[in-house]
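Participant: My questions all concern the structure below.
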Amino acid sequence: MPELPEVETVRRDLQRLTLGPRILAVEVLLARTIAYPAGETFGRGLIGACFTRWQRRGKYLLGSLDSGAVLGVHLRMTGQLLWVQGSMPLSAYTRVRLAFEEGWDLRFVDQRTFGQMWLVPPGVGPEEVMTPLRSLGPEPFSPAFSEAYFQAALQKSRRPIKTALLDQSLVAGIGNIYADEALFLSGIHPVTPALQLSDAAKVRLREALIEVLRAGLEQRGTTLRDYRDLRGLNGNYQGQAWVYGREGDPCRVCDAPIRRIKLAGRSAHFCPRCQPQQS
Ligand SMILES: [Zn+2]
């Protein structure tokens, strides 16, 4: 699933490429991709408008239109936005197609169909329509994700730290890859109950989260099988991952084989020597 660095990379591309031309036509090829509003209203609200700004909140993209409406997008597992010439053949997984002036298309392609789009009407706050936005925690690069906030939030949680990090209400935008990577860099075993972490461990973990997200951004996201940027290209981060996706491979620090365990239905990758389990 795309995480903050992947979604932010897509946002930057959208901001660079899609501002200006007006939307001429909207084709919804899979109705359930549109979370709001139902029926023809979605397309009617977009036609004639142009994007003026793209923002991101957690893993959500928010495209402001000159009409005052906002297009919300969540890529979920396999969603991709592509900015291509309208003459390009449609892939079988194309769910929504916005056709623009100058012959461009913005296409939402999504093999597993969990991705969603919302059209927030003018004058309405995005969180009124996109209800998951209401429970998002602070952005990891924002001052709200302070040491004091992180210490206090983890102090309340008995959950394994890995599971806590995936909770979007603790901090927005972290998923499996960057959680595993940050736990490795801070030497913390993924099953450690959050409230058992020392203050020093929490300081290390917060800094590691920011560091791995920044590294992912610099590489334009990961080489996850399903992740593509707006031109359909992979990012480069995963080739450098410390532990994610490296089960059985030697740890880059100590050579011990990387282990993978299941934790709350998700896999967790870690080095048993660099991230010892506390007794
Ligand atoms: Zn190691």
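Just remember, in the structure tokens the first chain shown is A, the second B, etc., residues are 1-based per chain, and ligands are 1-based in the order shown.
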Using only C-alpha atoms and all ligand atoms, find each residue with an atom at most 12 Å away from ligand 1 and format the answer as a count of residues only.
Facilitator: 30
Participant: Set the distance at 12 Å and use only C-alpha atoms: which residues neighbour Phe150 in chain A once local chain neighbours fewer than 6 positions away are removed? I'd like the list as a ChimeraX atom specification.
Facilitator: /A:137-140,143-144,156-157,161,164-165,169-171,194-195,197,199-207,209
Participant: Selection from above, N, CA and C atoms, as an mmCIF file, in the first residue's frame, can you write it?
Facilitator:
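In the end it all went to again.cif:
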data_model
loop_
_atom_site.group_PDB
_atom_site.id
_atom_site.type_symbol
_atom_site.label_atom_id
_atom_site.label_comp_id
_atom_site.auth_asym_id
_atom_site.auth_seq_id
_atom_site.Cartn_x
_atom_site.Cartn_y
_atom_site.Cartn_z
ATOM 1 N N GLY A 137 -4.190 11.366 12.803
ATOM 2 C CA GLY A 137 -3.251 11.998 13.730
ATOM 3 C C GLY A 137 -2.402 13.032 13.005
ATOM 4 N N PRO A 138 -1.401 13.590 13.708
ATOM 5 C CA PRO A 138 -0.570 14.648 13.109
ATOM 6 C C PRO A 138 0.264 14.138 11.936
ATOM 7 N N GLU A 139 0.605 15.055 11.047
ATOM 8 C CA GLU A 139 1.545 14.772 9.965
ATOM 9 C C GLU A 139 2.945 14.616 10.565
ATOM 10 N N PRO A 140 3.690 13.590 10.146
ATOM 11 C CA PRO A 140 5.004 13.354 10.761
ATOM 12 C C PRO A 140 6.001 14.493 10.595
ATOM 13 N N PRO A 143 5.035 20.299 13.184
ATOM 14 C CA PRO A 143 5.379 20.540 14.600
ATOM 15 C C PRO A 143 4.457 19.788 15.564
ATOM 16 N N ALA A 144 3.242 19.447 15.116
ATOM 17 C CA ALA A 144 2.309 18.727 16.008
ATOM 18 C C ALA A 144 2.821 17.333 16.357
ATOM 19 N N LYS A 156 -0.080 5.515 26.399
ATOM 20 C CA LYS A 156 -1.449 5.030 26.633
ATOM 21 C C LYS A 156 -1.709 3.685 25.971
ATOM 22 N N SER A 157 -0.749 3.165 25.189
ATOM 23 C CA SER A 157 -1.059 2.017 24.339
ATOM 24 C C SER A 157 -0.338 0.743 24.776
ATOM 25 N N ILE A 161 4.288 -2.111 19.419
ATOM 26 C CA ILE A 161 4.630 -0.820 18.822
ATOM 27 C C ILE A 161 4.408 -0.810 17.318
ATOM 28 N N ALA A 164 0.794 -0.183 16.733
ATOM 29 C CA ALA A 164 0.449 1.198 17.076
ATOM 30 C C ALA A 164 0.861 2.165 15.964
ATOM 31 N N LEU A 165 2.021 1.913 15.360
ATOM 32 C CA LEU A 165 2.516 2.828 14.312
ATOM 33 C C LEU A 165 1.633 2.812 13.069
ATOM 34 N N SER A 169 -4.441 7.248 13.488
ATOM 35 C CA SER A 169 -4.791 8.287 14.452
ATOM 36 C C SER A 169 -3.600 8.628 15.358
ATOM 37 N N LEU A 170 -2.578 7.778 15.391
ATOM 38 C CA LEU A 170 -1.362 8.097 16.160
ATOM 39 C C LEU A 170 -0.503 9.077 15.362
ATOM 40 N N VAL A 171 -0.213 8.696 14.112
ATOM 41 C CA VAL A 171 0.534 9.571 13.215
ATOM 42 C C VAL A 171 0.078 9.209 11.805
ATOM 43 N N ALA A 194 3.852 -0.772 23.303
ATOM 44 C CA ALA A 194 4.216 0.643 23.165
ATOM 45 C C ALA A 194 4.533 1.278 24.507
ATOM 46 N N LEU A 195 3.729 0.966 25.541
ATOM 47 C CA LEU A 195 3.944 1.656 26.818
ATOM 48 C C LEU A 195 5.183 1.161 27.549
ATOM 49 N N LEU A 197 8.147 1.048 26.071
ATOM 50 C CA LEU A 197 9.333 1.691 25.497
ATOM 51 C C LEU A 197 9.861 2.755 26.455
ATOM 52 N N ASP A 199 11.789 6.259 27.470
ATOM 53 C CA ASP A 199 11.719 7.593 26.856
ATOM 54 C C ASP A 199 12.762 7.732 25.756
ATOM 55 N N ALA A 200 13.961 7.180 26.015
ATOM 56 C CA ALA A 200 15.035 7.293 25.021
ATOM 57 C C ALA A 200 14.666 6.533 23.748
ATOM 58 N N ALA A 201 14.029 5.375 23.898
ATOM 59 C CA ALA A 201 13.633 4.590 22.720
ATOM 60 C C ALA A 201 12.588 5.350 21.914
ATOM 61 N N LYS A 202 11.674 6.011 22.604
ATOM 62 C CA LYS A 202 10.644 6.774 21.891
ATOM 63 C C LYS A 202 11.256 7.960 21.132
ATOM 64 N N VAL A 203 12.249 8.584 21.716
ATOM 65 C CA VAL A 203 12.938 9.685 21.028
ATOM 66 C C VAL A 203 13.604 9.153 19.762
ATOM 67 N N ARG A 204 14.303 7.998 19.892
ATOM 68 C CA ARG A 204 14.981 7.402 18.730
ATOM 69 C C ARG A 204 13.974 7.028 17.647
ATOM 70 N N LEU A 205 12.844 6.461 18.085
ATOM 71 C CA LEU A 205 11.847 5.990 17.119
ATOM 72 C C LEU A 205 11.234 7.160 16.343
ATOM 73 N N ARG A 206 10.898 8.226 17.038
ATOM 74 C CA ARG A 206 10.316 9.393 16.351
ATOM 75 C C ARG A 206 11.297 9.950 15.313
ATOM 76 N N GLU A 207 12.557 10.043 15.707
ATOM 77 C CA GLU A 207 13.550 10.561 14.755
ATOM 78 C C GLU A 207 13.729 9.610 13.573
ATOM 79 N N LEU A 209 11.474 7.558 12.332
ATOM 80 C CA LEU A 209 10.299 7.664 11.449
ATOM 81 C C LEU A 209 10.474 8.812 10.466
#
Participant: Counting only C-alpha atoms, what is within 9 Å of range 118-125 of chain A, bar same-chain residues fewer than 2 positions away, as a ChimeraX atom specification?
Facilitator: /A:33-37,41-43,45-46,67-74,116,127-130
Participant: Could you tell me which of A:Ser142, A:Leu230, A:Ala241, A:Leu65 comes closest to Ala179 in chain A if we count only C-alpha atoms?
Facilitator: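 Closest to Ala179 in chain A of all the choices is A:Ala241.
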Participant: List every residue of range 60-129 of chain A that has an atom at most 8 Å from any atom of range 6-26 of chain A, giving for each one its closest atom pair and the distance in Å to one decimal, counting only C-alpha atoms, sorted by chain and then by ascending residue number, as a Markdown table.
Facilitator:
| residue | atom | partner | partner_atom | distance |
| --- | --- | --- | --- | --- |
| A:Tyr60 | CA | A:Val7 | CA | 7.5 |
| A:Leu61 | CA | A:Arg11 | CA | 6.8 |
| A:Leu81 | CA | A:Val10 | CA | 7.7 |
| A:Trp83 | CA | A:Leu17 | CA | 7.8 |
| A:Val96 | CA | A:Val26 | CA | 7.5 |
| A:Arg97 | CA | A:Val26 | CA | 5.8 |
| A:Leu98 | CA | A:Val26 | CA | 4.7 |
| A:Ala99 | CA | A:Ala25 | CA | 5.1 |
| A:Phe100 | CA | A:Ile23 | CA | 4.4 |
| A:Glu101 | CA | A:Pro21 | CA | 5.2 |
| A:Glu102 | CA | A:Pro21 | CA | 6.9 |
Participant: Of the residues A:Ala153, A:Leu136, A:Ala182, A:Leu263, which is the one nearest to Gln168 in chain A, using only C-alpha atoms?
Facilitator: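 Of A:Ala153, A:Leu136, A:Ala182, A:Leu263, the one nearest Gln168 in chain A is A:Leu136, counting only C-alpha atoms.
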Participant: Would you please extract all strand (DSSP E or B) residues from range 67-233 of chain A, as assigned by DSSP on the backbone, and give them as a ChimeraX atom specification?
Facilitator: /A:70-74,79-85,94-100,104-110,116-120,160,193
Participant: Residues at most 7 Å from Phe114 in chain A, counting only C-alpha atoms, excluding those fewer than 2 positions away in the same chain, as a list in words?
Facilitator: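 Returned residues: Arg76, Met77, Arg112 and Gln116 of chain A.
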Participant: Hey, can you spit out that residue selection with N, CA and C atoms as a PDB file, in the first residue's frame?
Facilitator:
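In the end it all went to out_35.pdb:
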ATOM      1  N   ARG A  76      -5.426   3.494  -1.596  1.00  0.00           N
ATOM      2  CA  ARG A  76      -5.521   2.167  -0.944  1.00  0.00           C
ATOM      3  C   ARG A  76      -4.416   1.221  -1.395  1.00  0.00           C
ATOM      4  N   MET A  77      -4.791  -0.035  -1.745  1.00  0.00           N
ATOM      5  CA  MET A  77      -3.779  -1.065  -2.012  1.00  0.00           C
ATOM      6  C   MET A  77      -3.064  -0.861  -3.344  1.00  0.00           C
ATOM      7  N   ARG A 112      -7.240  -3.745  -7.597  1.00  0.00           N
ATOM      8  CA  ARG A 112      -7.986  -4.429  -6.537  1.00  0.00           C
ATOM      9  C   ARG A 112      -9.239  -3.677  -6.108  1.00  0.00           C
ATOM     10  N   GLN A 116     -10.583   4.920  -3.569  1.00  0.00           N
ATOM     11  CA  GLN A 116     -11.813   5.710  -3.531  1.00  0.00           C
ATOM     12  C   GLN A 116     -11.578   7.149  -3.963  1.00  0.00           C
TER      13      GLN A 116
END
Participant: Give the helix (DSSP H, G or I) residues of range 92-185 of chain A, as assigned by DSSP on the backbone, as a PyMOL selection string.
Facilitator: chain A and resi 101-103+126-129+131-135+147-155+161-166+176-185
Participant: Between A:Pro126, A:Gly103, A:Gly115, A:Gly86, which is the closest to Arg32 in chain A once you count only C-alpha atoms?
Facilitator: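 Checking each of A:Pro126, A:Gly103, A:Gly115, A:Gly86 against Arg32 in chain A, counting only C-alpha atoms, the winner is A:Gly115.
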